[in-house]
Amino acid sequence: MEKSALYIVRVPREFKEQIIEEIQFTLGELPFKYLGVPLSSKKLSVQQWMPLSEKIATRINCELNILDIYCWNKVALFKLLWAITTKNDTLWIQWIHSFYVKNRSAENMSSPKQACWIIRNIFDARDWFSQNNPTNDLNSYCKKEKFSIKKLYIASRPQYQKCPWKRLVIASKAPPKHQFNIWLALHKRLATIERLQKWGISVSKECVLCHKNIEETREHLLFEYEYSRILWAKLLQWTGIKYQIGSWDEEIN
Ligand SMILES: [Zn+2]
């Protein structure tokens with residue numbers, strides 16, 4: 001209730017006051033932001049949609065473990081900066097030290113403006129690093145005295161729970177129609193009787209396939225129903241896999 005606000009649009013003034021009196025919410029004003037996106041009565045611009053699309057993309061990338069190349073690229077630049085700060089003894093780094101760093105600290109000096117594009121990028125990666133990482137201790141990203149790109153990459157990304165069924169969707173060679181169906185099933189969005197009832201549609205509760213007084217759920221339809229079990233057994237036999245199919249939870253999670 002405390003979080004709720006009332007938005008009244010295109011209502012005559014007296015009527016508006018009546019509503020406010022009746023409903024004890026605070027009166028909100030448009031546009032307001034929801035999930036970082038301004039909600040307004042006008043069409044939103046691409047710019048206004050960006051925060052939401054970025055949030056969704058980050059979440060999808062993290063859950064499905066898709067590599068964020070932009071982030072990886074920054075981390076890779078940072079590895080070069082680490083090499084410069086630790087004065088790794090290569091000719092290239094000695095060259096950077098004698099031309100740009102001189103006797104300063106590579107970590108704290110300002111980016112050399114006269115340097116070429118790649119050198120400036122390496123130094124500019126510090127800004128990105130300070131925004132995305134809780135610790136300044138570069139050595140905590142090292143493994144056996146070598147800088148680990150993977151370690152810093154993981155530390156720089158928000159951590160979401162890993163998706164147990166990732167491979168079912170990403171590595172699937174199934175036709176798109178079936179991929180879509182499995183995606184629906186995984187999100188518990190198949191129009192099974194159980195869900196139809198939740199929507200308030202009056203349907204007979206029993207499963208239409210086995211006519212037993214069993215509720216038709218995703219689990220029942222795909223794994224528990226006798227006929228599905230026979231199908232699974234035949235399929236596994238056909239592909240030469242010796243395996244007894246379990247329940248939805250056992251197979252998916
Ligand atoms: Zn059934």
# chains A, B, ... in the order shown; residues from 1 in each chain; ligands from 1
>>> residues_near_ligand(ligand="ligand 1", cutoff="12 Å", atoms="only C-alpha atoms and all ligand atoms", output="list of chain:residue names")
A:Thr192, A:Ile193, A:Glu194, A:Lys205, A:Glu206, A:Cys207, A:Val208, A:Leu209, A:Cys210, A:His211, A:Lys212, A:Asn213, A:Ile214, A:Glu215, A:Glu216, A:Thr217, A:Arg218, A:Glu219, A:His220, A:Leu221, A:Leu222, A:Phe223, A:Glu224, A:Tyr225, A:Glu226, A:Tyr227, A:Ser228, A:Arg229
>>> residues_around(residues="range 32-47 of chain A", least_positions_apart="4", cutoff="12 Å", atoms="only C-alpha atoms", output="list in words")
Ala5, Leu6, Tyr7, Ile8, Val9, Arg10, Leu27, Gly28, Pro51, Leu52, Ser53, Glu54, Lys55 and Ile56 of chain A
>>> closest_residue(among="A:Ala191, A:Val75, A:Ile230, A:Gln18", to="Tyr141 in chain A", atoms="only C-alpha atoms")
A:Val75
>>> select_by_dssp(residues="range 54-87 of chain A", states="alpha helix (DSSP H)", output="list in words")
Glu54, Lys55, Ile56, Ala57, Thr58, Arg59, Ile60, Asn61, Cys62, Glu63, Ile69, Tyr70, Cys71, Trp72, Asn73, Lys74, Val75, Ala76, Leu77, Phe78, Lys79, Leu80, Leu81, Trp82, Ala83, Ile84 and Thr85 of chain A
>>> residues_around(residues="range 159-166 of chain A", least_positions_apart="3", cutoff="12 Å", atoms="only C-alpha atoms", output="PDB file with C-alpha atoms, in the first residue's frame")
ATOM      1  CA  THR A  58      22.563  -8.035 -18.655  1.00  0.00           C
ATOM      2  CA  ARG A  59      20.233 -10.442 -16.942  1.00  0.00           C
ATOM      3  CA  ILE A  60      19.903 -12.728 -19.963  1.00  0.00           C
ATOM      4  CA  ASN A  61      23.666 -12.675 -20.523  1.00  0.00           C
ATOM      5  CA  CYS A  62      24.376 -13.548 -16.901  1.00  0.00           C
ATOM      6  CA  GLU A  63      21.733 -16.233 -16.506  1.00  0.00           C
ATOM      7  CA  LEU A  64      22.518 -17.973 -19.747  1.00  0.00           C
ATOM      8  CA  ASN A  65      26.212 -17.357 -19.305  1.00  0.00           C
ATOM      9  CA  ILE A  66      26.616 -15.516 -22.584  1.00  0.00           C
ATOM     10  CA  TYR A 153      35.416 -10.561 -15.668  1.00  0.00           C
ATOM     11  CA  ILE A 154      33.391 -12.596 -13.184  1.00  0.00           C
ATOM     12  CA  ALA A 155      33.979 -10.045 -10.420  1.00  0.00           C
ATOM     13  CA  SER A 156      32.808  -7.239 -12.710  1.00  0.00           C
ATOM     14  CA  VAL A 169      17.528 -23.879 -25.239  1.00  0.00           C
ATOM     15  CA  ILE A 170      20.921 -22.592 -26.401  1.00  0.00           C
ATOM     16  CA  ALA A 171      22.395 -25.798 -27.807  1.00  0.00           C
ATOM     17  CA  SER A 172      19.124 -27.152 -29.126  1.00  0.00           C
ATOM     18  CA  ILE A 182      10.023 -26.056 -24.566  1.00  0.00           C
ATOM     19  CA  TRP A 183      10.745 -22.460 -23.661  1.00  0.00           C
ATOM     20  CA  ALA A 185       7.183 -25.248 -20.695  1.00  0.00           C
ATOM     21  CA  LEU A 186      10.360 -24.191 -18.886  1.00  0.00           C
ATOM     22  CA  HIS A 187       8.729 -20.928 -17.855  1.00  0.00           C
ATOM     23  CA  TRP A 248      10.356 -32.999 -14.443  1.00  0.00           C
ATOM     24  CA  ASP A 249      12.441 -31.688 -11.557  1.00  0.00           C
ATOM     25  CA  GLU A 250      14.946 -34.507 -11.797  1.00  0.00           C
ATOM     26  CA  GLU A 251      15.376 -34.120 -15.549  1.00  0.00           C
ATOM     27  CA  ILE A 252      15.396 -30.346 -15.868  1.00  0.00           C
ATOM     28  CA  ASN A 253      17.125 -29.225 -12.690  1.00  0.00           C
TER      29      ASN A 253
END
>>> residues_around(residues="Lys87 in chain A", least_positions_apart="4", cutoff="10 Å", atoms="only C-alpha atoms", output="list in words")
Leu81, Trp82, Ala83, Ile93, Gln94, Ile96, His97 and Ala106 of chain A
>>> write_last_selection(atoms="C-alpha atoms", output="compact mmCIF listing (two decimals), in the first residue's frame")
# COMPACT_ATOMS: atom_id res chain seq x y z
CA LEU A 81 47.55 -2.18 -17.66
CA TRP A 82 48.39 -4.70 -14.94
CA ALA A 83 51.38 -5.82 -17.00
CA ILE A 93 56.33 -2.45 -21.66
CA GLN A 94 59.81 -0.99 -21.26
CA ILE A 96 55.75 2.44 -22.62
CA HIS A 97 57.60 3.15 -19.39
CA ALA A 106 51.11 3.81 -14.02
>>> closest_residue(among="A:Trp232, A:Leu77, A:Trp95, A:His178", to="Ser247 in chain A", atoms="only C-alpha atoms")
A:Trp232
>>> atom_distance(atom1="CA of Ile69 in chain A", atom2="CA of Ile122 in chain A")
16.1 Å
>>> atom_distance(atom1="CA of Lys146 in chain A", atom2="CA of Pro112 in chain A")
25.6 Å
>>> atom_distance(atom1="CA of Arg104 in chain A", atom2="CA of Trp117 in chain A")
20.4 Å
>>> closest_residue(among="A:Leu30, A:Leu152, A:Val101, A:Cys116", to="Trp72 in chain A", atoms="only C-alpha atoms")
A:Leu152
>>> residues_around(residues="Asn108 in chain A", least_positions_apart="3", cutoff="12 Å", atoms="only C-alpha atoms", output="list in words")
Leu81, Thr85, Val101, Asn103, Arg104, Ser105, Ser111, Pro112, Phe123, Asp124, Arg126, Asp127, Ser130 and Asn136 of chain A
>>> select_by_dssp(residues="range 22-216 of chain A", states="strand (DSSP E)", output="JSON, numbers by chain")
{"A": [26, 27, 32, 33, 34, 37, 38, 39, 142, 143, 146, 147]}
>>> write_last_selection(atoms="N, CA and C atoms", output="compact mmCIF listing (two decimals), in the first residue's frame")
# COMPACT_ATOMS: atom_id res chain seq x y z
N THR A 26 -1.41 8.07 -2.51
CA THR A 26 -0.88 9.38 -2.89
C THR A 26 -1.08 9.57 -4.39
N LEU A 27 -1.23 10.81 -4.77
CA LEU A 27 -1.46 11.09 -6.17
C LEU A 27 -0.13 11.20 -6.91
N PHE A 32 6.34 8.84 -14.79
CA PHE A 32 7.20 8.35 -13.71
C PHE A 32 7.97 7.16 -14.25
N LYS A 33 8.98 6.75 -13.48
CA LYS A 33 9.83 5.69 -13.99
C LYS A 33 9.46 4.34 -13.39
N TYR A 34 9.37 3.36 -14.24
CA TYR A 34 9.14 2.00 -13.77
C TYR A 34 10.24 1.14 -14.37
N VAL A 37 12.39 2.91 -16.76
CA VAL A 37 11.82 3.43 -18.01
C VAL A 37 10.70 4.40 -17.69
N PRO A 38 10.73 5.59 -18.26
CA PRO A 38 9.62 6.51 -17.97
C PRO A 38 8.31 6.01 -18.57
N LEU A 39 7.28 5.94 -17.76
CA LEU A 39 5.97 5.55 -18.28
C LEU A 39 5.27 6.85 -18.64
N CYS A 142 44.79 -12.19 -9.61
CA CYS A 142 45.89 -12.96 -10.17
C CYS A 142 45.83 -14.41 -9.73
N LYS A 143 46.33 -15.24 -10.61
CA LYS A 143 46.42 -16.66 -10.31
C LYS A 143 47.87 -17.04 -10.58
N LYS A 146 49.93 -14.60 -12.36
CA LYS A 146 49.51 -14.20 -13.70
C LYS A 146 48.13 -13.58 -13.57
N PHE A 147 47.90 -12.53 -14.34
CA PHE A 147 46.60 -11.86 -14.27
C PHE A 147 45.54 -12.73 -14.95
